[in-house]
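See below for the structure under consideration.
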Amino acid sequence: MDNRFKDITDRLKDTQNISREDLAYVLEFEGEDNREYLFEAARTVSEKVFHKEVYLRGLIEFTNYCRNNCYYCGIRAGNKNADRYRLTEEEILSCCDIGEKIGFKTFVLQGGEDPHFTDDMIVDLVKKIKEKHPSCAVTLSIGEKPHESYKKYFDAGADRYLLRHETANEEHYSMLHPASMSGAERKKCLFDLKEIGFQVGCGIMVGTPHQTFDHIYEDIVFMQELQPHMIGIGPFIPHKDTPFKDEPEGSVEVTLRLLSVLRLLFPKVLLPATTALGTADSLGREKGILAGANVMMPNLSPVNVREKYLLYDGKICTGEEAAECSMCLKRRVEKIGFRIAEGRGDHPDFV
Ligand code: SAH
């Protein structure tokens, strides 16, 4: 076994810190035993904190209209081939009813930045979900909003908010987004959300065009400052109707190693094994759990719209009913010796 790799892993575990050089070394080193050493270290920490339980979140993709034009995303405003849809309030509430019946205790409402859904509508929706499902958590993932809007959602009862920062490096940010968007604004939103009291999730895609290990190091420094409750990472996967259609897919291996590094840096953080990871590798989500992740986000959207919420090509689980999807995940989780948690799955500091 390569000693430097092992030393870095041990030091990372003991100090919960990593240098720029060591990060690059761990992410790119080639050698089978070494990666297992890292995965095992991360898994041990995750098992200590979460006791082999995997938290499930039911994902409701309620609109694919978006005012933004992110270069990587399949539902960008400029994609004229996207077949646009919005779920009605009734449809969203019915997803939650089905979700609770099959055991979900968290609903994630995700969508493009769709001006049709005003703050009042979101507030109303959150209140209704919380009234009908008082023991469930509501997570929003609807992009950048003013502080006052976030505050309204929180006061209405929303518990958590997911907003990936995408990259902490401003120059890299500008290579992934049009000039109308800024990394500084995105970071400000995350600090606003945290200050308001949400459990907050940031995150990145692995292997976006022009990304370097230095950028990932900057992402880690940003996360150390923000101290998010959740970190969502998955490989970048090209979508055929975007400017990045010919760019290579992000590496599953680097994603798995980064999951382990994040678990060792942030022992208590909620770390999803994402759908993108499961798309890039058919056993990607299982490998993610075995590398230290502890959350999965099965799709609860109505089957007739799933094909339309295509952020990237080849997205999995677009044909199954919610109940099938959740049974399939349960089997997958049990097969690797883990089990599905029964509670809401809050961050350990929130319970
Ligand atoms: N509008 C919301 C939700 C965005 S979709 C928001 O701004 O937060 C959720 C995440 O999917 C994005 O943050 C992005 O990191 C990821 N994503 C988008 N396109 C992708 C692609 N081509 N490959 C992999 N992940 C992608």
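Ordering of the structure tokens sets the chain letters (A, B, ...); residue numbers start at 1 within each chain; ligands are numbered from 1 in the order shown.
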With ligand 1 as the partner and 6 Å as the cut-off, tabulate the residues of chain A that qualify, each row holding the nearest pair of atoms and their distance in Å to one decimal, using only C-alpha atoms and all ligand atoms, sorted by chain and rising number, as a Markdown table.
```
| residue | atom | partner | partner_atom_place_in_ligand_line | distance |
| --- | --- | --- | --- | --- |
| A:Tyr72 | CA | ligand 1 | 22 (N) | 4.7 |
| A:Cys73 | CA | ligand 1 | 19 (N) | 3.7 |
| A:Gln110 | CA | ligand 1 | 3 (C) | 5.9 |
| A:Gly111 | CA | ligand 1 | 1 (N) | 5.2 |
| A:Gly112 | CA | ligand 1 | 1 (N) | 3.9 |
| A:Glu113 | CA | ligand 1 | 1 (N) | 5.2 |
| A:Ser141 | CA | ligand 1 | 8 (O) | 5.3 |
| A:Ile142 | CA | ligand 1 | 2 (C) | 4.5 |
| A:Gly143 | CA | ligand 1 | 7 (O) | 3.7 |
| A:Leu163 | CA | ligand 1 | 8 (O) | 4.3 |
| A:Arg164 | CA | ligand 1 | 13 (O) | 4.7 |
| A:Glu166 | CA | ligand 1 | 15 (O) | 5.7 |
| A:Ile204 | CA | ligand 1 | 15 (O) | 5.6 |
| A:Met205 | CA | ligand 1 | 15 (O) | 5.3 |
| A:Pro235 | CA | ligand 1 | 24 (C) | 5.7 |
| A:Phe236 | CA | ligand 1 | 23 (N) | 3.8 |
| A:Ile237 | CA | ligand 1 | 23 (N) | 3.9 |
| A:Pro238 | CA | ligand 1 | 22 (N) | 4.9 |
| A:His239 | CA | ligand 1 | 22 (N) | 5.6 |
| A:Ala276 | CA | ligand 1 | 24 (C) | 5.8 |
| A:Leu311 | CA | ligand 1 | 19 (N) | 4.6 |
| A:Tyr312 | CA | ligand 1 | 22 (N) | 4.2 |
```
Atoms kept (C-alpha atoms) for selection, written as a tab-separated table (two decimals), in the first residue's frame:
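Okay, again_30.tsv is ready:
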```
chain	number	residue	atom	x	y	z
A	72	TYR	CA	-24.83	22.38	-17.97
A	73	CYS	CA	-28.52	22.01	-17.22
A	110	GLN	CA	-37.40	20.94	-6.37
A	111	GLY	CA	-37.78	22.94	-9.52
A	112	GLY	CA	-36.31	25.41	-11.91
A	113	GLU	CA	-36.51	29.08	-10.96
A	141	SER	CA	-34.81	23.53	-3.67
A	142	ILE	CA	-36.01	26.37	-5.86
A	143	GLY	CA	-32.93	28.45	-6.39
A	163	LEU	CA	-28.89	25.17	-3.10
A	164	ARG	CA	-25.70	23.80	-4.55
A	166	GLU	CA	-21.84	24.64	-7.96
A	204	ILE	CA	-21.05	20.75	-6.53
A	205	MET	CA	-20.95	18.59	-9.60
A	235	PRO	CA	-20.82	13.61	-11.42
A	236	PHE	CA	-21.51	16.12	-14.18
A	237	ILE	CA	-23.41	14.34	-16.98
A	238	PRO	CA	-23.83	16.09	-20.34
A	239	HIS	CA	-27.26	16.87	-21.74
A	276	ALA	CA	-26.52	11.41	-10.98
A	311	LEU	CA	-31.23	17.80	-16.03
A	312	TYR	CA	-28.87	15.43	-17.89
```
Original post:
If you run DSSP on the backbone, which residues of segment 142-255 of chain A are alpha helix (DSSP H), as an MDAnalysis selection string?
Top reply: chainID A and resid 147:156 170:176 183:196 213:226 252:255
Among segment 173-325 of chain A, which residues does DSSP mark as strand (DSSP E or B) when it is run on the backbone? Keep the chain and numbering as in the structure and answer as a short mmCIF file (atom, residue, chain, number, x, y, z; two decimals) with N, CA and C atoms, in the first residue's frame.
```cif
data_model
loop_
_atom_site.label_atom_id
_atom_site.label_comp_id
_atom_site.auth_asym_id
_atom_site.auth_seq_id
_atom_site.Cartn_x
_atom_site.Cartn_y
_atom_site.Cartn_z
N GLN A 199 -31.92 24.09 7.82
CA GLN A 199 -30.84 23.13 7.59
C GLN A 199 -30.50 23.31 6.12
N VAL A 200 -29.24 23.60 5.85
CA VAL A 200 -28.85 24.05 4.53
C VAL A 200 -27.94 23.05 3.82
N GLY A 201 -28.22 22.84 2.55
CA GLY A 201 -27.37 21.98 1.73
C GLY A 201 -26.72 22.75 0.60
N CYS A 202 -25.40 22.66 0.49
CA CYS A 202 -24.69 23.22 -0.67
C CYS A 202 -24.17 22.04 -1.48
N GLY A 203 -23.30 22.29 -2.44
CA GLY A 203 -22.73 21.16 -3.18
C GLY A 203 -22.24 21.52 -4.56
N ILE A 204 -21.65 20.55 -5.20
CA ILE A 204 -21.05 20.75 -6.53
C ILE A 204 -21.29 19.53 -7.41
N MET A 205 -21.07 19.73 -8.70
CA MET A 205 -20.95 18.59 -9.60
C MET A 205 -19.47 18.29 -9.72
N VAL A 206 -19.14 17.01 -9.88
CA VAL A 206 -17.74 16.61 -10.04
C VAL A 206 -17.47 16.46 -11.54
N MET A 230 -25.86 19.71 4.89
CA MET A 230 -25.89 18.69 3.85
C MET A 230 -24.99 19.12 2.70
N ILE A 231 -24.36 18.14 2.05
CA ILE A 231 -23.52 18.44 0.88
C ILE A 231 -23.89 17.47 -0.24
N GLY A 232 -24.45 18.02 -1.31
CA GLY A 232 -24.85 17.17 -2.44
C GLY A 232 -23.79 17.21 -3.53
N ILE A 233 -23.21 16.04 -3.83
CA ILE A 233 -22.29 16.00 -4.96
C ILE A 233 -22.62 14.82 -5.88
N GLY A 234 -22.43 15.04 -7.16
CA GLY A 234 -22.65 13.98 -8.13
C GLY A 234 -21.84 14.32 -9.36
N PRO A 235 -21.59 13.32 -10.21
CA PRO A 235 -20.82 13.61 -11.42
C PRO A 235 -21.60 14.49 -12.38
N LEU A 270 -24.98 15.52 6.32
CA LEU A 270 -25.84 14.63 5.52
C LEU A 270 -25.28 14.61 4.11
N PRO A 272 -25.78 12.84 0.45
CA PRO A 272 -26.56 11.95 -0.43
C PRO A 272 -25.72 11.20 -1.45
N VAL A 295 -27.59 9.30 2.63
CA VAL A 295 -28.92 9.77 2.21
C VAL A 295 -29.18 9.32 0.78
N MET A 296 -30.45 8.99 0.48
CA MET A 296 -30.84 8.76 -0.91
C MET A 296 -32.13 9.52 -1.18
N ASN A 299 -37.34 9.31 -6.38
CA ASN A 299 -38.24 10.19 -7.10
C ASN A 299 -39.70 9.93 -6.72
#
```
**OP:** Please identify all polymer residues within 9 Å of segment 114-130 of chain A, counting only C-alpha atoms, omitting same-chain residues fewer than 6 positions from it, and present them as JSON, numbers by chain.
**Re:** {"A": [63, 64, 65, 66, 67, 89, 92, 93, 96, 136, 137, 138, 142, 149, 150, 152, 153, 154, 155, 156, 157, 158]}
Export of the given selection (C-alpha atoms) as a CSV table (one decimal), in the first residue's frame:
```csv
chain,number,residue,atom,x,y,z
A,63,THR,CA,-41.8,22.5,-12.3
A,64,ASN,CA,-39.2,22.4,-15.1
A,65,TYR,CA,-39.7,26.0,-16.2
A,66,CYS,CA,-36.6,28.0,-15.4
A,67,ARG,CA,-35.5,31.6,-16.0
A,89,GLU,CA,-51.0,22.3,-5.9
A,92,ILE,CA,-48.0,18.1,-5.4
A,93,LEU,CA,-50.2,17.4,-2.3
A,96,CYS,CA,-47.0,13.9,-0.5
A,136,CYS,CA,-42.7,15.3,8.0
A,137,ALA,CA,-39.9,17.7,7.0
A,138,VAL,CA,-40.3,19.9,4.0
A,142,ILE,CA,-36.0,26.4,-5.9
A,149,SER,CA,-38.6,35.3,0.5
A,150,TYR,CA,-36.5,32.7,2.3
A,152,LYS,CA,-41.4,33.7,4.5
A,153,TYR,CA,-40.8,30.1,3.5
A,154,PHE,CA,-39.1,29.4,6.8
A,155,ASP,CA,-41.9,31.0,8.8
A,156,ALA,CA,-44.4,29.0,6.9
A,157,GLY,CA,-42.7,25.8,8.2
A,158,ALA,CA,-40.1,24.8,5.6
```
Subject >> Given only C-alpha atoms as the counted atoms, nearest of A:Leu23, A:Leu38, A:Ala293, A:Ile98 to Asp2 of chain A >> reply: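 Checking each candidate against Asp2 of chain A, we get A:Leu38 as the closest.
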Subject >> Using only C-alpha atoms: which of A:Asp97, A:Glu21, A:Asp192, A:Glu247 has the shortest distance to Arg4 of chain A >> reply: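 Going through A:Asp97, A:Glu21, A:Asp192, A:Glu247 one by one, the smallest distance to Arg4 of chain A is for A:Glu21.
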